[in-house]
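Data first, discussion second: the structure below is written as structure tokens.
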Amino acid sequence: MNGPATPALPGALRRGFDEWLQDEWPVWAFVFKALLSAFLALWLAYRLELPQPSTVLATVFIVMQPESGQVLAKSFYRIIGTLLGLTVMIPLLALFAQERVLFLLCLALWIGLCTVGAARYRDFRGYACVLAGYTAALIGLPAIADPQGAFMQALWRVLEISLGILCSGLISALLLPQNSSASLRRLLATRFRDFAAFAAAGLHGQPDTARLEQLNARFAGEAVLLDNLRNASAFEDPHMRLRSGRLGRLNHEFMVLSTRFHGLHQLLQRLQGEAGAQVRTALAPCLAEVGAVLAPLGQHLCSEADAAVLAARLEGSRRALMQRIRDARAALLAQAPDEQQLLDFNTAAEQLYRFSGDLHDYALTHASLLEHHHAREQWRDSFTPRANGMAAAVAGMRCALLILGLGAFWIASAWPSGGTFVLTAAMVSALVSTAPNPRRLAWQLLVGAAGSAVLGGLLQFRVLPWLDGFALLCSALAPVFALGAWLLARRQSMGYGAGLLLWFCIVALPANLPSYDFNRLLNEYLAALLAMGVTALANALILPPDRPWLWRRLEHDLRMRVVFAVGGRLRGLAAGFESGTRDLLSQAHGLAAGRPEVQRRLLRWMFAVLEIGHAVIELRQEQARLPGEPCYGEGMPWQASVRALGRALVRLFIQPDEGNRQRALAAVEQAIATVRQTPERRPPQFDSSPLRRVLSYLHLIRSSLLDPHSPLAAGRRS
């Protein structure tokens, strides 16, 4: 019995080692690069006799990321934020250096504005806003005690920050580089594989509502992440920079593809009863045609070469699909269906055909990544993130009030460590403003800083006085830096790592002329920990962002996306609608972590918004390209009824109650009836008749309004 098992052991060990290598190697590579960057920066800071090596080391750990593209992008925006903070602080110091109250008031307003910007953008631009506020505090607060040396202090801080950026960027790019472009390609491939597997199962009649909600929530977050990776990879890889437009286009086309499938999936789910079964039976061969194309794609990661093969296959299968649709319609007509059945079939068949077209467009764009230059690179639309203005304003107000309150305490108490007290509050407020869960990150930073206080005290008074030379200093600091970098490399513990590393560097790192002053160290750590605790309490008590007030605001913003679809400028409307809606859902879903009922409600609002908003946009696009024939004129009754429907939808999504839903249903019924009564001199197929396509869009809107599971029907159920 032992004979067959023995040779299998090396294979099991190898698989275990491969799994460890895949999961843990990037973490330990990051730890190694963080240590090397830190010690290189520290050696240069000592050799150049910079006043505050702690600023250099803090910059290294702020900038360090597992992927080199993110480090370079972060470094670029950190320099911008640093220079912006310097530009603002120099005039303020010149005007108010002798008036601490006025200076702190201006500083609080500036940091509050920077926090608003960080909460508004939440990407690398938001990071620049964070650094503009942090740099202003870093330069301005020490200068209050020495106004005459303020200008030189500002220049020293910029030099120290630049040195930290340079060291981390060089080490990350040259040593064991982990490219953002590789992560981007992997994300593209896994996202499409999972979508193809689910879509194939759905088309074969195996719906899974829970899986649909889970995937759509994940896809919303990945759409935001992919756009950030696209921007980061442009810094490190010239090949990805040549493909930036196509990557943005690919992200948009995937969002359209998933929206189209969701609309088709929901329409098929609503085909109930004997009449619905007849329509589904007629559609079955058409659904199987597309499902057969998707099924193999759900089994492996799709490369650019695979996408080229898929595009060629879809080119032929779409012609076969059109013939199957016509045959299925003829079979259904032989059963003498009523008008509702025929409209259900026509709308579902058109959505299926458009879904195959969207899939073909996606495959063409993906395949085009094989070439450095391609016509599909000409993509003028962009990912447009959305944030709630009130939430950003509350974050800025909270931060400004905190700086003012702590600054007033510093002035009244004349605390020697008051500058660290206010600076820590400014740093933590800015950092947590960009986090999905600000209160959780604030407490993690507090715990990490408390750990750094213990380690810093032990090193300062038990280890460092016995050391002589830079090599021994590095040996003493390496365990602390390695522990912090290991925590920083893991998403669930990165707040602990940041708190440990940043405040160890700021407070406990020895300067060029080290001083072992227990009272100073105690005051500095007490100031940092108190500031973090107060900041965490402020985030928990002053309109906390993970509470119902913000969920309701984000839900309102989701509904307003339909208003945007009805009234927004048509150019770039589809891209702005798709990206903004998913960005809002991603924020709301993260803030409602641990509240599955809230997350489910937000997801259902997103489904309703995407389904109706997408149909409205395509209806408007259809109207914009109508031929110049009398039946399509602006003054036709059907055009007036469509405009009336738009107004009814705006009222419904501003105030979603049962009365407005019934008015919207009446408006869409009127629009459908008016379109049906309009004569048209074209064959009545969706590939030749504009009014037939208009009818399908209107039917999709009506179907969504009638959905009993939609949040729009909540008023009726209550």
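Just so we're on the same page: first chain in the structure tokens is A, next is B, and so on; residues restart at 1 for each chain, and ligands are numbered from 1 in the order they show up.
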Check your understanding: Leaving out Ala426 (chain A) and any residue of its chain fewer than 5 positions from it, which residues lie within 12 Å of it when counting only C-alpha atoms, given as JSON, numbers by chain?
Key -> {"A": [104, 107, 108, 109, 110, 111, 112, 113, 114, 115, 130, 131, 132, 133, 134, 135, 136, 137, 138, 140, 141, 395, 396, 398, 399, 400, 401, 402, 403, 404, 405, 406, 407, 419, 420, 421, 431, 432, 433, 528, 531, 532, 534, 535]}
Exercise for review: For region 77-82 of chain A, work out the shell of residues within 9 Å, counting only C-alpha atoms and skipping chain neighbours fewer than 3 positions away, then give it as a count of residues only.
Suggested key: 24
Show me a table, sorted first by chain and then by increasing residue number, of the residues of region 444-516 of chain A having an atom at most 10 Å from region 36-42 of chain A, each with its shortest atom pair and the distance in Å to one decimal, counting only C-alpha atoms and written as JSON lines.
```
{"residue": "A:Phe470", "atom": "CA", "partner": "A:Phe39", "partner_atom": "CA", "distance": 9.3}
{"residue": "A:Ala471", "atom": "CA", "partner": "A:Phe39", "partner_atom": "CA", "distance": 9.6}
{"residue": "A:Leu473", "atom": "CA", "partner": "A:Phe39", "partner_atom": "CA", "distance": 9.7}
{"residue": "A:Cys474", "atom": "CA", "partner": "A:Phe39", "partner_atom": "CA", "distance": 6.9}
{"residue": "A:Leu477", "atom": "CA", "partner": "A:Phe39", "partner_atom": "CA", "distance": 9.2}
{"residue": "A:Ala478", "atom": "CA", "partner": "A:Phe39", "partner_atom": "CA", "distance": 8.9}
{"residue": "A:Phe481", "atom": "CA", "partner": "A:Ala38", "partner_atom": "CA", "distance": 8.3}
{"residue": "A:Leu509", "atom": "CA", "partner": "A:Leu42", "partner_atom": "CA", "distance": 9.9}
{"residue": "A:Ala511", "atom": "CA", "partner": "A:Leu42", "partner_atom": "CA", "distance": 9.9}
```
Check your understanding: Residues of region 129-206 of chain A in alpha helix (DSSP H) according to DSSP, as a PyMOL selection string?
Key -> chain A and resi 129-145+150-174+180-203
Selection above as a file: C-alpha atoms, as a compact mmCIF listing (two decimals), in the first residue's frame:
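This went into part.txt:
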```txt
# COMPACT_ATOMS: atom_id res chain seq x y z
CA CYS A 129 -4.21 65.79 -2.52
CA VAL A 130 -3.28 63.79 0.59
CA LEU A 131 0.38 64.71 0.15
CA ALA A 132 -0.39 68.38 -0.53
CA GLY A 133 -2.08 68.59 2.89
CA TYR A 134 0.47 66.42 4.68
CA THR A 135 3.43 68.35 3.23
CA ALA A 136 1.85 71.66 4.22
CA ALA A 137 1.54 70.42 7.81
CA LEU A 138 5.03 68.88 7.76
CA ILE A 139 6.57 72.16 6.58
CA GLY A 140 4.32 74.63 8.38
CA LEU A 141 4.02 73.26 11.91
CA PRO A 142 7.75 73.10 12.75
CA ALA A 143 8.19 76.55 11.18
CA ILE A 144 5.91 78.15 13.77
CA ALA A 145 8.64 77.72 16.39
CA ALA A 150 11.02 78.46 7.69
CA PHE A 151 12.22 78.76 4.11
CA MET A 152 15.28 76.56 4.64
CA GLN A 153 13.18 74.03 6.56
CA ALA A 154 10.79 73.85 3.63
CA LEU A 155 13.63 73.20 1.21
CA TRP A 156 15.10 70.51 3.47
CA ARG A 157 11.71 68.73 3.67
CA VAL A 158 11.36 68.75 -0.13
CA LEU A 159 14.89 67.38 -0.51
CA GLU A 160 14.25 64.65 2.07
CA ILE A 161 10.97 63.64 0.45
CA SER A 162 12.58 63.59 -3.01
CA LEU A 163 15.41 61.36 -1.76
CA GLY A 164 12.92 58.86 -0.32
CA ILE A 165 10.97 58.82 -3.58
CA LEU A 166 14.13 58.30 -5.63
CA CYS A 167 15.39 55.38 -3.53
CA SER A 168 12.06 53.52 -3.42
CA GLY A 169 11.44 54.07 -7.15
CA LEU A 170 14.89 52.84 -8.21
CA ILE A 171 14.86 49.71 -6.03
CA SER A 172 11.30 48.82 -6.98
CA ALA A 173 11.92 49.23 -10.72
CA LEU A 174 15.37 47.59 -10.92
CA SER A 180 1.52 46.37 -12.75
CA SER A 181 1.10 45.36 -16.39
CA ALA A 182 1.27 41.67 -15.42
CA SER A 183 -1.41 42.22 -12.76
CA LEU A 184 -3.52 44.10 -15.29
CA ARG A 185 -3.33 41.26 -17.85
CA ARG A 186 -4.11 38.69 -15.18
CA LEU A 187 -7.11 40.71 -13.99
CA LEU A 188 -8.42 41.04 -17.56
CA ALA A 189 -8.10 37.31 -18.16
CA THR A 190 -9.64 36.11 -14.88
CA ARG A 191 -12.50 38.60 -15.08
CA PHE A 192 -13.47 37.51 -18.59
CA ARG A 193 -13.10 33.80 -17.73
CA ASP A 194 -15.46 34.09 -14.77
CA PHE A 195 -17.94 36.15 -16.75
CA ALA A 196 -17.91 33.70 -19.67
CA ALA A 197 -18.49 30.72 -17.37
CA PHE A 198 -21.44 32.38 -15.64
CA ALA A 199 -22.97 33.73 -18.86
CA ALA A 200 -22.74 30.32 -20.54
CA ALA A 201 -24.51 28.70 -17.58
CA GLY A 202 -27.18 31.43 -17.60
CA LEU A 203 -27.86 31.00 -21.32
```
Excluding region 554-566 of chain A and any residue of its chain fewer than 2 positions from it, enumerate the residues within 7 Å of it, using only C-alpha atoms, and give them as a CSV table (one decimal) with C-alpha atoms, in the first residue's frame.
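Wrote it out as result-v9.csv, contents follow:
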```
chain,number,residue,atom,x,y,z
A,388,ASN,CA,-20.7,61.9,-3.2
A,550,LEU,CA,-24.0,58.0,3.5
A,551,TRP,CA,-25.6,54.8,2.2
A,552,ARG,CA,-28.7,56.7,1.6
A,568,GLY,CA,-26.8,64.2,-20.2
A,577,PHE,CA,-22.8,56.3,-17.2
A,581,THR,CA,-22.5,53.8,-11.8
A,584,LEU,CA,-20.7,54.5,-6.8
A,588,ALA,CA,-21.3,51.9,-1.3
A,602,LEU,CA,-27.6,48.7,-3.2
A,606,MET,CA,-27.6,49.3,-9.4
A,609,VAL,CA,-30.3,51.8,-12.8
A,613,GLY,CA,-30.4,53.8,-17.9
A,616,VAL,CA,-32.5,55.0,-22.3
A,617,ILE,CA,-29.0,55.8,-23.6
A,646,GLY,CA,-38.0,60.6,-20.1
A,650,VAL,CA,-36.7,61.5,-14.0
A,653,PHE,CA,-35.8,58.1,-9.8
A,654,ILE,CA,-35.8,61.4,-8.0
```
Report the closest atom pair, with its distance in Å rounded to one decimal, for each residue of region 583-699 of chain A that has an atom no farther than 7 Å from region 215-222 of chain A; count only C-alpha atoms, sort by chain and then rising residue number, and write it as CSV.
```
residue,atom,partner,partner_atom,distance
A:Asp583,CA,A:Ala220,CA,6.6
A:Leu585,CA,A:Ala220,CA,6.8
A:Ser586,CA,A:Gly221,CA,5.1
```
Would you save the residues from that selection as an mmCIF file, in the first residue's frame, using N, CA and C atoms?
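Result file follows (result_31.cif):
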```cif
data_model
loop_
_atom_site.group_PDB
_atom_site.id
_atom_site.type_symbol
_atom_site.label_atom_id
_atom_site.label_comp_id
_atom_site.auth_asym_id
_atom_site.auth_seq_id
_atom_site.Cartn_x
_atom_site.Cartn_y
_atom_site.Cartn_z
ATOM 1 N N ASP A 583 -18.593 52.830 -10.082
ATOM 2 C CA ASP A 583 -17.755 53.425 -9.048
ATOM 3 C C ASP A 583 -18.579 53.724 -7.799
ATOM 4 N N LEU A 585 -21.319 52.166 -6.866
ATOM 5 C CA LEU A 585 -21.654 50.895 -6.234
ATOM 6 C C LEU A 585 -20.466 50.335 -5.474
ATOM 7 N N SER A 586 -19.267 50.461 -6.051
ATOM 8 C CA SER A 586 -18.067 49.959 -5.393
ATOM 9 C C SER A 586 -17.852 50.659 -4.049
#
```
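Among the candidates A:Val642, A:Ala288, A:Leu247, A:Leu570, the one nearest to Asn228 (chain A) when counting only C-alpha atoms is A:Leu247.
Minimum atom-to-atom distances from A:Arg682, A:Arg661, A:His372, A:Arg120 to Asp707 (chain A) were compared using only C-alpha atoms, and the lowest value belongs to A:Arg661.
Distance check against Leu488 (chain A) using only C-alpha atoms: of A:Phe30, A:Tyr516, A:Tyr353, A:Phe461, the minimum falls on A:Phe30.
Distances here use only C-alpha atoms; by that measure, the residue among A:Leu50, A:Leu364, A:Val290, A:Met322 closest to Glu304 (chain A) is A:Leu364.
The shell of residues at most 10 Å from Arg520 (chain A), with only C-alpha atoms counted and near chain neighbours (fewer than 6 positions) removed, consists of Pro416, Ser417, Val507 and Leu526 of chain A.
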Check your understanding: What's the 8 Å shell around Gly495 (chain A), counting only C-alpha atoms, without same-chain residues fewer than 5 positions away, as a list in words?
Key -> Leu441, Ala442, Gln444, Leu445, Gly448, Leu487 and Leu488 of chain A
Those residues you just picked out, can you put them in a file as a PDB file, in the first residue's frame with N, CA and C atoms?
```pdb
ATOM      1  N   LEU A 441      -9.477  51.693   9.370  1.00  0.00           N
ATOM      2  CA  LEU A 441      -8.089  52.065   9.091  1.00  0.00           C
ATOM      3  C   LEU A 441      -7.522  52.933  10.212  1.00  0.00           C
ATOM      4  N   ALA A 442      -8.331  53.852  10.755  1.00  0.00           N
ATOM      5  CA  ALA A 442      -7.850  54.715  11.838  1.00  0.00           C
ATOM      6  C   ALA A 442      -7.459  53.894  13.062  1.00  0.00           C
ATOM      7  N   GLN A 444      -6.583  50.709  13.031  1.00  0.00           N
ATOM      8  CA  GLN A 444      -5.394  49.930  12.681  1.00  0.00           C
ATOM      9  C   GLN A 444      -4.128  50.775  12.805  1.00  0.00           C
ATOM     10  N   LEU A 445      -4.189  52.014  12.324  1.00  0.00           N
ATOM     11  CA  LEU A 445      -3.034  52.907  12.468  1.00  0.00           C
ATOM     12  C   LEU A 445      -2.691  53.132  13.935  1.00  0.00           C
ATOM     13  N   GLY A 448      -0.995  49.987  15.266  1.00  0.00           N
ATOM     14  CA  GLY A 448       0.360  49.909  14.730  1.00  0.00           C
ATOM     15  C   GLY A 448       1.290  50.912  15.381  1.00  0.00           C
ATOM     16  N   LEU A 487       3.452  43.301   7.215  1.00  0.00           N
ATOM     17  CA  LEU A 487       2.059  43.700   7.459  1.00  0.00           C
ATOM     18  C   LEU A 487       1.548  44.603   6.347  1.00  0.00           C
ATOM     19  N   LEU A 488       2.403  45.488   5.864  1.00  0.00           N
ATOM     20  CA  LEU A 488       2.003  46.441   4.827  1.00  0.00           C
ATOM     21  C   LEU A 488       1.683  45.744   3.518  1.00  0.00           C
TER      22      LEU A 488
END
```
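We find CA of Gln587 (chain A) and CA of Leu502 (chain A) to be spaced 26.7 Å apart.
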Practice item. Quick one: pull the distance between CA of Arg260 (chain A) and CA of Glu618 (chain A), Å, one decimal. Key: 11.2 Å
Exercise for review: Mind checking which residues fall within 10 Å of Leu543 (chain A), counting only C-alpha atoms, ignoring those fewer than 4 positions away in the same chain, and posting them as a ChimeraX atom specification?
Suggested key: /A:391,394-395,398,538-539,547-550
